[in-house]
Each structure stands twice: as structure tokens, then as C-alpha cells.
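Engineer: Mind having a look at this structure? Questions to follow.
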Amino acid sequence: MAETAARAAWPAGTVDVWWARRHDAADGHIALLDDTERQRWAGYRRDADRERFLAGCALAKMAIADYSGQRPGDVSFDRTCRNCGRPHGKPALRGGRLELSVAHSGDLVAVAVAAAPVGVDVEQLEGRTRPLGGDRDPDALARLTLADTERAALAAVPPPGRARAFLVAWTRKEAVTKATGDGLRAAFRDVIVAADHGRPRLVAWPYPQTPESVSVHDLDTEAGYVAALAVIGRCESVRARDGSALLTGL
């Protein structure tokens with residue numbers, strides 16, 4: 001099939017990250033949703049959440065269609081959670097072998113596409129509607145999610161930069177766990193990343209593969225956001241793609 005051919009021709013060690021904004025979501029994109037996705041979209045109470053979900057779904061399908069030659073409406077994902085069986089797991093392409101991951105926060109939406117298991121995360125740093133950690137003390141959130149070495153690195157950061165430093169560690173961790181398919185169900189304290197200004201990397205994790213088998217990258221994004229990418233395998237090149245143009249061109 002066309003998608004398999006696209007995967008075979010995929011440049012080795014390369015990942016594409018498609019970037020869009022939640023306001024790129026339009027009524028015409030609703031037709032791309034399957035019944036399960038439409039129910040989930042309709043279940044969000046806030047307009048912003050519906051827009052983020054719709055933009056993420058539409059961008060994922062249109063990106064895959066861009067590689068495969070399919071119509072976006074014919075692209076289908078299996079979202080079955082491997083723990084509970086409900087349709088809120090990492091999207092897996094039905095009938096294809098490309099891997100993808102979707103993330104959104106604030107006004108930004110990202111879809112990563114690769115030939116190997118991939119995870120992407122983006123977090124809003126500035127202008128959040130709720131403080132970091134929600135109603136909890138951010139330091140308490142750090143104690144729950146960071147290993148001792150990561151907390152020590154965070155403590156060494158001057159106070160004005162700690163929120164960003166925490167999100168750097170958080171996005172790296174979440175990208176790794178999204179690549180495995182475990183996401184927020186993973187024990188974040190056991191997924192240890194470099195939490196300093198050095199090269200992004202996975203230091204330790206509770207999986208059979210060696211941490212060195214995982215590629216971690218910090219992503220360039222607009223001011224006020226932090227983002228990271230992880231691939232279980234080799235990733236030497238990350239290509240930023242214009243997802244807004246893809247969505248608005250439907």
C-alpha cells in the first residue's frame with residue numbers, strides 16, 4: 001500500500017513534527033472524525049479543549065494522508081488503551097506502519113510522525129490559565145514526578161528559571177513515556193532524564209531496552225512554550241513542518 005511505501009522511503013533517523021494552532025480547527029474538520037472521536041470531541045465542555053482535540057485529530061489524519069496519498073477521511077486510528085480497553089490510548093494507524101504522537105497545550109498543537117515508536121509533548125509556560133501544578137504546590141509536583149538527581153538539578157536553577165527547567169524535564173519524560181505508549185500511566189520518577197543544560201538524554205527507565213536506545217530532543221517552538229520529542233531508536237534529524245497550512249488548505 002502507499003503508506004507502507006512511504007515508510008520504506010522514509011529517511012533513516014528522521015522524524016517530522018507538524019505544528020499548528022488550535023484556532024486552525026474548523027467546522028469542516030469534524031467530518032474527519034470517526035464516531036468514537038466525535039463523541040470524545042463533543043464531551044469536552046470548553047471550546048478551547050474541543051478546538052485542541054479537533055485540530056490534533058485533523059492534523060494527524062491530514063499528515064498521514066500527505067505521506068500515503070489517502071484521503072484524510074480514510075485515515076483511521078486505533079486508540080484502544082492496552083490497560084483498560086477504553087479508546088483513550090496512543091493513536092495507532094490502522095492498516096499502516098508509520099508511528100505518530102499528538103500533543104497540544106495552550107494554543108499549540110503538534111503531531112510527530114516517524115518510522116519508529118515516537119512521542120511528542122508540548123507544554124505552555126507563559127500565560128497559563130492555571131498555575132504550574134494546578135492547585136498544588138509546584139514543589140510538591142516535582143517531588144511526585146522527579147527523581148532525586150533531577151530534583152537536585154532543579155534546585156540548582158535560580159528561582160526565576162525553575163518553572164521552565166521543570167517543564168524541560170517534564171516534556172522529556174512525557175515524550176519518552178508517550179513513545180512507549182504508557183503516557184501518564186508510567187511512574188515518572190522511574191523515567192529519569194538529563195535535567196540540566198547538557199544534551200537531552202534518557203538516563204534510566206524501567207524497561208528492557210537500554211536507555212541509550214532512546215533518542216531525546218528538545219524542540220524549537222514559539223516563545224512561552226517548552227517541547228520535547230523521543231524516539232525508541234535512532235533519531236538524528238527533526239524536520240519542522242507547517243501543520244497550519246495543511247489544516248487551512250483542506
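Ligands are numbered from 1 in the order shown, residues from 1 within each chain, and chains are lettered A, B, ... in the order they appear in the C-alpha cells.
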Would you give me, as JSON, numbers by chain, the residues in segment 52-228 of chain A that DSSP reads as strand (DSSP E or B)?
Structural biologist: {"A": [77, 78, 92, 93, 99, 100, 101, 102, 103, 104, 105, 108, 109, 110, 111, 112, 113, 114, 118, 119, 120, 121, 122, 123, 124, 192, 193, 202, 203, 204, 214, 215, 216, 217, 218, 225, 226, 227, 228]}
Engineer: Just want the 8 Å neighbourhood of segment 225-233 of chain A, counted on only C-alpha atoms, with same-chain residues fewer than 5 positions away dropped. Output as a list of chain:residue names.
Structural biologist: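 That gives A:Ala116, A:Pro117, A:Val118, A:Gly119, A:Val120, A:Asp121, A:Val122, A:Glu123, A:Gln124, A:Leu125, A:Glu126, A:Arg164, A:Leu167, A:Val168, A:Thr171, A:Arg172, A:Ala175, A:Val176, A:Ala179, A:Thr180, A:Ser213, A:Val214, A:Ser215, A:Val216, A:His217, A:Asp218, A:Leu219, A:Asp220.
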Engineer: Restricted to C-alpha atoms, what would the selected residues look like written as a PDB file, in the first residue's frame?
Structural biologist:
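Result file follows (again10.pdb):
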```
ATOM      1  CA  ALA A 116       9.785   4.076  14.862  1.00  0.00           C
ATOM      2  CA  PRO A 117       7.820   4.492  18.111  1.00  0.00           C
ATOM      3  CA  VAL A 118       7.695   8.228  18.786  1.00  0.00           C
ATOM      4  CA  GLY A 119       6.393  10.544  21.477  1.00  0.00           C
ATOM      5  CA  VAL A 120       6.000  14.317  21.462  1.00  0.00           C
ATOM      6  CA  ASP A 121       4.974  16.690  24.230  1.00  0.00           C
ATOM      7  CA  VAL A 122       4.419  20.439  24.355  1.00  0.00           C
ATOM      8  CA  GLU A 123       3.600  22.469  27.461  1.00  0.00           C
ATOM      9  CA  GLN A 124       2.580  26.080  27.852  1.00  0.00           C
ATOM     10  CA  LEU A 125       4.908  28.002  30.149  1.00  0.00           C
ATOM     11  CA  GLU A 126       3.631  31.569  29.962  1.00  0.00           C
ATOM     12  CA  ARG A 164      10.917  26.398  32.698  1.00  0.00           C
ATOM     13  CA  LEU A 167       8.873  21.758  32.152  1.00  0.00           C
ATOM     14  CA  VAL A 168      12.038  20.815  30.250  1.00  0.00           C
ATOM     15  CA  THR A 171       8.309  17.251  28.487  1.00  0.00           C
ATOM     16  CA  ARG A 172      11.311  14.967  28.052  1.00  0.00           C
ATOM     17  CA  ALA A 175       7.776  12.318  25.330  1.00  0.00           C
ATOM     18  CA  VAL A 176       9.594   9.142  26.403  1.00  0.00           C
ATOM     19  CA  ALA A 179       6.795   6.775  22.790  1.00  0.00           C
ATOM     20  CA  THR A 180       6.371   3.601  24.864  1.00  0.00           C
ATOM     21  CA  SER A 213      18.497   3.116  22.630  1.00  0.00           C
ATOM     22  CA  VAL A 214      16.170   6.100  23.065  1.00  0.00           C
ATOM     23  CA  SER A 215      16.755   9.411  21.269  1.00  0.00           C
ATOM     24  CA  VAL A 216      15.570  12.553  23.062  1.00  0.00           C
ATOM     25  CA  HIS A 217      15.394  16.025  21.516  1.00  0.00           C
ATOM     26  CA  ASP A 218      14.272  19.412  22.783  1.00  0.00           C
ATOM     27  CA  LEU A 219      12.145  21.090  20.117  1.00  0.00           C
ATOM     28  CA  ASP A 220      12.298  24.681  18.957  1.00  0.00           C
TER      29      ASP A 220
END
```
Engineer: At a cut-off of 8 Å, using only C-alpha atoms, what residues contact Val17 of chain A? Leave out same-chain residues fewer than 5 positions from it and give the result as number ranges by chain.
Structural biologist: A: 110-113, 238-241
Engineer: Could you name the residues that touch Arg22 of chain A at 6 Å or less, counting only C-alpha atoms, but leaving out those on the same chain fewer than 5 positions away, as a ChimeraX atom specification?
Structural biologist: /A:51-52,55,107
Engineer: Write out, as a PDB file, in the first residue's frame, the residues just selected, with C-alpha atoms.
Structural biologist:
```
ATOM      1  CA  GLU A  51     -10.576  23.037  19.333  1.00  0.00           C
ATOM      2  CA  ARG A  52      -7.322  21.449  20.521  1.00  0.00           C
ATOM      3  CA  ALA A  55      -7.051  20.271  15.459  1.00  0.00           C
ATOM      4  CA  ASP A 107      -2.690  27.437  21.505  1.00  0.00           C
TER       5      ASP A 107
END
```
Engineer: If you count only C-alpha atoms, which residues fall within 12 Å of segment 188-195 of chain A, apart from same-chain ones fewer than 2 positions away, as a PyMOL selection string?
Structural biologist: chain A and resi 141-157+162+164-178+180+182-186+197-207+211-212+214-218+228+230
Engineer: Counting only C-alpha atoms, which residue out of A:Ala163, A:Cys57, A:Gly13, A:Gly85 sits closest to Arg40 of chain A?
Structural biologist: A:Cys57
